[in-house]
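Below you'll find the structure, written out as structure tokens, and then a few comments.
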Amino acid sequence: MAFPNSTLVKLCQCLGGEAPSNLDWVAVLELANNTLTTPSLIDLVDRPDRSVPEDVKAFVREIYRRNALRNDLLRAQLEEAVAALNERDVIPVLLKGSAILATSAPERRATRIMADLDILVEPDQMETALRALSDLDYQAHFRTPPESRKQYTDLKRPRDVGMIDLHQAAPGPDYFYRSSGKLLEHCMPVSVGHGAAYLPTPTFQAFMLIIHDQFQDHDYWVGEVDVRHLVELRDLANAAQGIDWNRLMSFAPGRLARNAIAKQLIALAEFFDVDVPVELRKRFIPQLQFRRLLLQSRFPLARWPLLAVAILDYGNYRKELGTEYQTDSRRNVTLTLPRADTLRHFFGLVGNHRIGKV
């Protein structure tokens, strides 16, 4: 791998349970804190490895312990919310961290730092769900305007450690779910305390997580990675059911999504030695995007000139997803250069540090 001495590469090695020699622990822990992956280092520090300093072990164990307590509270909050929704004949779909809270053993769910509980309900059940949660003293912290393409509501209570994000659709632009059919077709029932919910299959969880990071969070365009979510993809791949790689790729509605998925598969294979089929990670643009990620992680100032790499796939965006946002019928959708306002948006993302991103 290029840049084997980068802190990102070394952090991923530690997250895989192996501490490389001559490690700058201050730099690694700083990056782990910034990427919200410090509790996931528990597997490393609990091994009989004398190369890990005692103060590092103590720090990681303390963060892990505190996160375990917080996630226990979030789990109880999730059980209460699901039961209240069930009483109104609403069976929610658990997304992201909520899925981990519902299905993982306590010692494993403690490795995941999460800000809130992501729950999805059908659009025609949204008002019923809001009334059910209002009866539990939840108040709307933010609700998207009626004209927004994505409708969701953030709900809060003073006594809770996290909010509930109540969604009506899977994360990211709807375009990316055209080929996969209805979400419930990829779900299975699961018990949550005394209630019931739907849980997406590992393969579809992986698909939604990739679409969320690459296009809702714009990681694909600015050359970043969410290490915490990459660890989740690794864990999904290593679970009993695992990820069906070819089926995952079949969900992509076009070349743009296939390239974004391939970029993440390359990262999984390179950072965590996940056994991803070679033929799914051979494409030139995803390979280049991964090299860009490595270069930017080692030399942050390279983020600005390497924005040009995004242009390689911008033509696919314009021909696929971009047609839904086309307001000028005279504009050539095959043009590969972004608009000025799009460039300003990307420059803003590059210039601002985003928590959890490298």
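Following the order of the structure tokens, first chain is A, next is B, and so on, with residues numbered from 1 inside each chain and ligands from 1 in the order they appear.
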
Backbone-only DSSP, alpha helix (DSSP H) members of range 178-284 of chain A, as an MDAnalysis selection string: chainID A and resid 202:211 219:222 227:238 245:250 255:272 284

Give me the range 211-325 of chain A side of the contact with range 13-20 of chain A, cut-off 9 Å, one line per residue showing its nearest atom pair and distance in Å at one decimal, counting only C-alpha atoms, sorted by chain and residue number, as CSV.
residue,atom,partner,partner_atom,distance
A:Val231,CA,A:Leu15,CA,8.0
A:Phe271,CA,A:Gln13,CA,7.1
A:Phe272,CA,A:Gly16,CA,6.3
A:Asp273,CA,A:Gly16,CA,8.8

Can you write just those residues out, C-alpha atoms, as a JSON list (two decimals), in the first residue's frame?
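Here's the written file out_19.json:
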[["chain", "number", "residue", "atom", "x", "y", "z"],
["A", 231, "VAL", "CA", -15.23, -0.42, 10.63],
["A", 271, "PHE", "CA", -7.19, -1.14, 5.30],
["A", 272, "PHE", "CA", -8.74, -4.20, 6.94],
["A", 273, "ASP", "CA", -7.81, -7.16, 4.69]]

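For the choices A:Met188, A:Leu233, A:Asn316, A:Leu29, the atom-to-atom distance to Ile285 in chain A is smallest for A:Asn316 when using only C-alpha atoms.
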
Go through range 157-182 of chain A residue by residue and, counting only C-alpha atoms, keep those with an atom at most 10 Å from range 191-210 of chain A; for each kept residue give the shortest atom pair and its distance in Å to one decimal, ordered by chain and increasing number, as CSV.
residue,atom,partner,partner_atom,distance
A:Ala170,CA,A:Met208,CA,7.0
A:Pro171,CA,A:Met208,CA,6.5
A:Gly172,CA,A:Met208,CA,7.9
A:Phe176,CA,A:Met208,CA,9.3
A:Tyr177,CA,A:Met208,CA,9.0
A:Ser180,CA,A:Phe204,CA,9.1

Next, dump the selected residues to file, keeping only all heavy atoms, as a CSV table (one decimal), in the first residue's frame.
chain,number,residue,atom,x,y,z
A,170,ALA,N,-34.6,6.1,2.9
A,170,ALA,CA,-33.2,5.7,3.1
A,170,ALA,C,-32.3,6.8,2.8
A,170,ALA,O,-32.6,7.8,2.1
A,170,ALA,CB,-32.9,4.5,2.2
A,171,PRO,N,-31.1,6.8,3.4
A,171,PRO,CA,-30.2,8.0,3.3
A,171,PRO,C,-29.7,8.2,1.9
A,171,PRO,O,-29.5,7.2,1.1
A,171,PRO,CB,-29.1,7.6,4.3
A,171,PRO,CG,-29.1,6.1,4.4
A,171,PRO,CD,-30.6,5.8,4.3
A,172,GLY,N,-29.4,9.4,1.6
A,172,GLY,CA,-28.9,9.7,0.2
A,172,GLY,C,-30.0,10.0,-0.8
A,172,GLY,O,-31.2,9.8,-0.5
A,176,PHE,N,-30.4,6.6,-6.1
A,176,PHE,CA,-29.6,5.4,-5.9
A,176,PHE,C,-30.3,4.2,-5.5
A,176,PHE,O,-29.7,3.1,-5.4
A,176,PHE,CB,-28.5,5.8,-4.9
A,176,PHE,CG,-27.5,6.8,-5.3
A,176,PHE,CD1,-27.5,8.1,-4.8
A,176,PHE,CD2,-26.6,6.5,-6.4
A,176,PHE,CE1,-26.6,9.0,-5.3
A,176,PHE,CE2,-25.7,7.4,-6.8
A,176,PHE,CZ,-25.7,8.7,-6.3
A,177,TYR,N,-31.6,4.3,-5.2
A,177,TYR,CA,-32.4,3.1,-4.7
A,177,TYR,C,-33.3,2.6,-5.8
A,177,TYR,O,-34.2,1.8,-5.6
A,177,TYR,CB,-33.1,3.5,-3.5
A,177,TYR,CG,-32.2,3.8,-2.3
A,177,TYR,CD1,-31.9,5.1,-2.0
A,177,TYR,CD2,-31.6,2.8,-1.5
A,177,TYR,CE1,-31.0,5.5,-1.0
A,177,TYR,CE2,-30.7,3.1,-0.5
A,177,TYR,CZ,-30.4,4.5,-0.2
A,177,TYR,OH,-29.6,4.8,0.8
A,180,SER,N,-33.0,-1.2,-6.5
A,180,SER,CA,-33.0,-2.2,-5.4
A,180,SER,C,-34.4,-2.5,-5.0
A,180,SER,O,-34.6,-3.4,-4.1
A,180,SER,CB,-32.2,-1.6,-4.2
A,180,SER,OG,-32.7,-0.3,-3.9

Tell me, in Å to one decimal, how far CA of Tyr64 in chain A is from CA of Asn34 in chain A.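 We find that CA of Tyr64 in chain A and CA of Asn34 in chain A lie 15.2 Å from each other.
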
Please indicate the distance in Å from CA of Ile311 in chain A to CA of Gly356 in chain A, rounded to one decimal place. 24.7 Å

When DSSP works through the backbone of this structure, what residues of range 7-243 of chain A end up as strand (DSSP E), shown as a PyMOL selection string? chain A and resi 93-95+116-120+139-143+152-156+163-167+187-192+195-200

If you keep C-alpha atoms, can you produce a file of those selected residues as a short mmCIF file (atom, residue, chain, number, x, y, z; two decimals), in the first residue's frame?
data_model
loop_
_atom_site.label_atom_id
_atom_site.label_comp_id
_atom_site.auth_asym_id
_atom_site.auth_seq_id
_atom_site.Cartn_x
_atom_site.Cartn_y
_atom_site.Cartn_z
CA VAL A 93 -36.91 0.20 10.21
CA LEU A 94 -33.69 0.51 12.20
CA LEU A 95 -30.86 2.34 10.46
CA ASP A 116 -28.51 9.72 17.80
CA LEU A 117 -31.02 7.00 16.94
CA ASP A 118 -31.90 6.68 13.25
CA ILE A 119 -35.38 5.24 12.70
CA LEU A 120 -37.36 5.06 9.47
CA GLN A 139 -40.30 17.62 20.95
CA ALA A 140 -39.28 18.53 17.41
CA HIS A 141 -35.78 19.99 17.37
CA PHE A 142 -35.76 20.32 13.58
CA ARG A 143 -38.14 19.37 10.79
CA TYR A 152 -37.10 13.88 8.35
CA THR A 153 -37.57 15.17 11.88
CA ASP A 154 -35.07 15.41 14.73
CA LEU A 155 -36.73 14.77 18.09
CA LYS A 156 -35.31 15.54 21.52
CA MET A 163 -31.98 12.56 19.79
CA ILE A 164 -34.16 10.45 17.51
CA ASP A 165 -33.78 11.10 13.79
CA LEU A 166 -37.09 10.03 12.29
CA HIS A 167 -36.70 9.38 8.55
CA CYS A 187 -35.48 -6.34 5.72
CA MET A 188 -36.18 -9.01 8.31
CA PRO A 189 -38.14 -8.71 11.56
CA VAL A 190 -36.20 -8.32 14.79
CA SER A 191 -37.21 -8.00 18.45
CA VAL A 192 -36.26 -4.82 20.28
CA GLY A 195 -41.29 -4.43 20.63
CA ALA A 196 -40.68 -5.31 16.99
CA ALA A 197 -38.84 -3.58 14.18
CA TYR A 198 -37.40 -4.29 10.76
CA LEU A 199 -33.67 -4.75 10.24
CA PRO A 200 -32.07 -4.42 6.78
#

Name all residues at most 9 Å from Val121 in chain A (count only C-alpha atoms; drop same-chain ones fewer than 3 positions away) and give them as an NGL selection string. :A and (90-93 or 124-126 or 129 or 166-169)

Using Å and a single decimal, report how far CA of Ala239 in chain A sits from CA of Ala105 in chain A.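 The value is 12.7 Å.
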
I'd like the contact shell of range 345-355 of chain A - 8 Å cut-off, only C-alpha atoms, skipping same-chain residues fewer than 2 positions apart - returned as a list in words. Asn34, Thr35, Trp221, Val222, Arg303, Trp304, Asp341, Thr342, Leu343 and Lys357 of chain A

Write a file of the just-selected residues containing C-alpha atoms, as a CSV table (one decimal), in the first residue's frame.
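For reference, out-v7.csv as written:
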chain,number,residue,atom,x,y,z
A,34,ASN,CA,-11.4,12.7,15.6
A,35,THR,CA,-12.9,9.7,13.8
A,221,TRP,CA,-16.5,14.2,-4.2
A,222,VAL,CA,-14.1,15.5,-1.6
A,303,ARG,CA,-7.2,18.2,-0.7
A,304,TRP,CA,-7.5,21.4,-2.8
A,341,ASP,CA,-22.2,27.1,-6.9
A,342,THR,CA,-21.3,23.4,-6.8
A,343,LEU,CA,-17.6,24.2,-6.8
A,357,LYS,CA,-14.0,12.3,8.5

Within 12 Å of Glu62 in chain A using only C-alpha atoms, minus same-chain residues under 3 positions, as number ranges by chain: A: 38-39, 41-42, 45, 55-59, 65-69, 110-111

Residues within 10 Å of Gln77 in chain A, only C-alpha atoms, excluding chain neighbours under 4 positions, as a ChimeraX atom specification: /A:71-73,81-82,117,160-164

With N, CA, C and O atoms retained, export the selected residues as a PDB file, in the first residue's frame.
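Writing done, so here's result_12.pdb:
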ATOM      1  N   ASN A  71     -24.356   3.954  25.627  1.00  0.00           N
ATOM      2  CA  ASN A  71     -25.102   3.127  24.675  1.00  0.00           C
ATOM      3  C   ASN A  71     -26.168   2.280  25.354  1.00  0.00           C
ATOM      4  O   ASN A  71     -27.182   1.937  24.739  1.00  0.00           O
ATOM      5  N   ASP A  72     -25.956   1.931  26.619  1.00  0.00           N
ATOM      6  CA  ASP A  72     -27.021   1.254  27.364  1.00  0.00           C
ATOM      7  C   ASP A  72     -28.238   2.166  27.503  1.00  0.00           C
ATOM      8  O   ASP A  72     -29.389   1.718  27.394  1.00  0.00           O
ATOM      9  N   LEU A  73     -27.992   3.446  27.735  1.00  0.00           N
ATOM     10  CA  LEU A  73     -29.091   4.410  27.816  1.00  0.00           C
ATOM     11  C   LEU A  73     -29.776   4.570  26.463  1.00  0.00           C
ATOM     12  O   LEU A  73     -31.006   4.659  26.374  1.00  0.00           O
ATOM     13  N   ALA A  81     -39.017   3.738  22.429  1.00  0.00           N
ATOM     14  CA  ALA A  81     -39.569   4.345  21.218  1.00  0.00           C
ATOM     15  C   ALA A  81     -40.225   3.300  20.318  1.00  0.00           C
ATOM     16  O   ALA A  81     -41.323   3.522  19.792  1.00  0.00           O
ATOM     17  N   VAL A  82     -39.573   2.163  20.139  1.00  0.00           N
ATOM     18  CA  VAL A  82     -40.134   1.112  19.291  1.00  0.00           C
ATOM     19  C   VAL A  82     -41.455   0.602  19.866  1.00  0.00           C
ATOM     20  O   VAL A  82     -42.439   0.401  19.134  1.00  0.00           O
ATOM     21  N   LEU A 117     -30.348   8.228  17.354  1.00  0.00           N
ATOM     22  CA  LEU A 117     -31.015   7.001  16.941  1.00  0.00           C
ATOM     23  C   LEU A 117     -31.706   7.252  15.606  1.00  0.00           C
ATOM     24  O   LEU A 117     -32.600   8.107  15.514  1.00  0.00           O
ATOM     25  N   ASP A 160     -32.579  12.689  27.761  1.00  0.00           N
ATOM     26  CA  ASP A 160     -31.915  11.668  26.947  1.00  0.00           C
ATOM     27  C   ASP A 160     -30.485  12.059  26.603  1.00  0.00           C
ATOM     28  O   ASP A 160     -30.128  13.233  26.608  1.00  0.00           O
ATOM     29  N   VAL A 161     -29.684  11.044  26.255  1.00  0.00           N
ATOM     30  CA  VAL A 161     -28.298  11.290  25.834  1.00  0.00           C
ATOM     31  C   VAL A 161     -28.183  11.485  24.332  1.00  0.00           C
ATOM     32  O   VAL A 161     -27.112  11.824  23.825  1.00  0.00           O
ATOM     33  N   GLY A 162     -29.260  11.257  23.596  1.00  0.00           N
ATOM     34  CA  GLY A 162     -29.232  11.434  22.148  1.00  0.00           C
ATOM     35  C   GLY A 162     -30.625  11.696  21.607  1.00  0.00           C
ATOM     36  O   GLY A 162     -31.630  11.362  22.245  1.00  0.00           O
ATOM     37  N   MET A 163     -30.698  12.291  20.437  1.00  0.00           N
ATOM     38  CA  MET A 163     -31.977  12.558  19.794  1.00  0.00           C
ATOM     39  C   MET A 163     -32.406  11.369  18.941  1.00  0.00           C
ATOM     40  O   MET A 163     -31.632  10.444  18.688  1.00  0.00           O
ATOM     41  N   ILE A 164     -33.646  11.400  18.495  1.00  0.00           N
ATOM     42  CA  ILE A 164     -34.156  10.449  17.511  1.00  0.00           C
ATOM     43  C   ILE A 164     -34.246  11.175  16.172  1.00  0.00           C
ATOM     44  O   ILE A 164     -34.850  12.246  16.077  1.00  0.00           O
TER      45      ILE A 164
END

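Of the listed residues (A:Gln289, A:Ser40, A:Gln214, A:Asn246), A:Gln289 comes nearest to Ile266 in chain A; the distances count only C-alpha atoms.
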
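Nearest-residue note for Arg157 in chain A: choosing from A:Arg339, A:Pro253, A:Asp135, A:Asp174, the minimum distance belongs to A:Asp135, counting only C-alpha atoms.
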
Any idea what's packed within 12 Å of Asn22 in chain A, counting only C-alpha atoms, ignoring anything in its chain fewer than 5 positions away? Could you give it as a PyMOL selection string? chain A and resi 5+7+10+27-28+51-53
